[in-house]
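Have a look at the structure below before the remarks.
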Amino acid sequence: MGSAVCLRGLEKHFPRVHALRGIDLDIEEGEFFGLLGPNGAGKTTLISILAGLTRASAGSAAIMGFDVTAQYRAARRALGMVPQELVYDPFFTVRETLRLQSGYFGLRRNDAWIDELLVNLGLADKADTYTRQLSGGMKRRVLVAQALVHKPPVIVLDEPTAGVDVELRQSLWNFVRRLNQQGHTIVLTTHYLDEAEMLCERVAMLQEGRIVALDRTVNLLRAGAERRLLLDLDAPDLPDFLRPRLKGREGAHYVLDLPDYGDLEGILAQLRGAGVAIRDLALRQADLEEVFLKVMHGGRA
């Protein structure tokens, strides 16, 4: 399989901001890829270049092998984009909006796929409703349907679940997962890092226009893992033999460093030997949010 998205030396200068600084990135066909970073990191600029909404100052970007500038028609056809902003025409119904979007791509007989989108995105009962009469969450569903109406091989979701309810979030991810299983490449930006951890096979983290971490999600989690043991003990104080491990307190729990799960058996044996009963015990491993914060503050994941 080839690259669904290929970026080489991508730069973008605005009058007061150097938004992208030499981005090199390949996203393989069929990947579910996460693009993460704080506000101002360059994510939206990068996506805007892919979508043809802005031009790079230097470097190149290609979608399914089509250069986004030199072969812009083919590149646009290969991409479906769900923007952050709610953009819609208030004078069309949902179905009319999707038919019009189909027309942009020269698709004359697309009603069967439009019906499938309406059902899968929970819009079937709103098909003949004007978009201006929809709630914010329903308008976002329409944006997703518009991005998918021409069955693009690459789908970019820019904060698709911002401000939407839990039900929509779950139904959207179930549908997008199915598209990914059918071979569509998904590129996701989100501030909900639990979503990225659950969905994305690989993740790139951007900071100040540069990629500062790029790896498989499981590798990032493993490299950034700081295991913790939370103990609530039936004792007035923490035993002296555990004090070197103490990282802090969370309510009634002592938070102890646990570099290796193999250490747990020894700790429990020491507590039994000291006659200290355990009221509660929990294990915690770093999640993607902790890894992200570590990277953003200069650590290495």
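FYI, nothing fancy with the structure tokens labels: chains A, B, ... in order, residues from 1 per chain, ligands from 1 as they appear.
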
For this session: Would you please give, as a count of residues only, all residues of segment 140-300 of chain A that DSSP assigns to alpha helix (DSSP H) based on the backbone?
Result: 59

For this session: Fewer than 3 positions away in the same chain doesn't count, so skip those; otherwise give me all residues within 10 Å of Pro152 of chain A, counting only C-alpha atoms, as a VMD selection string.
Result: chain A and resid 75 to 81 147 to 149 155 to 156 184 to 185

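Nearest residue to Ile27 of chain A among A:Gly65, A:Gly59, A:Leu283, A:Ala277 is A:Gly65, counting only C-alpha atoms.
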
Each segment 152-252 of chain A residue no farther than 6 Å from segment 30-40 of chain A, nearest pair in Å, only C-alpha atoms, as JSON lines:
{"residue": "A:Gly183", "atom": "CA", "partner": "A:Gly30", "partner_atom": "CA", "distance": 4.9}
{"residue": "A:His184", "atom": "CA", "partner": "A:Gly30", "partner_atom": "CA", "distance": 5.3}
{"residue": "A:Thr185", "atom": "CA", "partner": "A:Gly30", "partner_atom": "CA", "distance": 4.3}
{"residue": "A:Ile186", "atom": "CA", "partner": "A:Phe32", "partner_atom": "CA", "distance": 4.7}
{"residue": "A:Val187", "atom": "CA", "partner": "A:Phe33", "partner_atom": "CA", "distance": 4.9}
{"residue": "A:Leu188", "atom": "CA", "partner": "A:Gly34", "partner_atom": "CA", "distance": 4.9}
{"residue": "A:Thr189", "atom": "CA", "partner": "A:Leu35", "partner_atom": "CA", "distance": 4.9}
{"residue": "A:Cys200", "atom": "CA", "partner": "A:Phe32", "partner_atom": "CA", "distance": 4.9}
{"residue": "A:Glu201", "atom": "CA", "partner": "A:Phe32", "partner_atom": "CA", "distance": 5.7}
{"residue": "A:Arg202", "atom": "CA", "partner": "A:Phe33", "partner_atom": "CA", "distance": 5.2}
{"residue": "A:Val203", "atom": "CA", "partner": "A:Gly34", "partner_atom": "CA", "distance": 4.5}
{"residue": "A:Ala204", "atom": "CA", "partner": "A:Leu35", "partner_atom": "CA", "distance": 5.1}
{"residue": "A:Met205", "atom": "CA", "partner": "A:Leu36", "partner_atom": "CA", "distance": 4.7}
{"residue": "A:Leu206", "atom": "CA", "partner": "A:Gly37", "partner_atom": "CA", "distance": 4.8}

For this session: Find the spatial neighbours of segment 172-176 of chain A, counting only C-alpha atoms, within a cut-off of 7 Å - ignore same-chain residues fewer than 4 positions away - and output them as a VMD selection string.
Result: chain A and resid 120 to 121 168 180
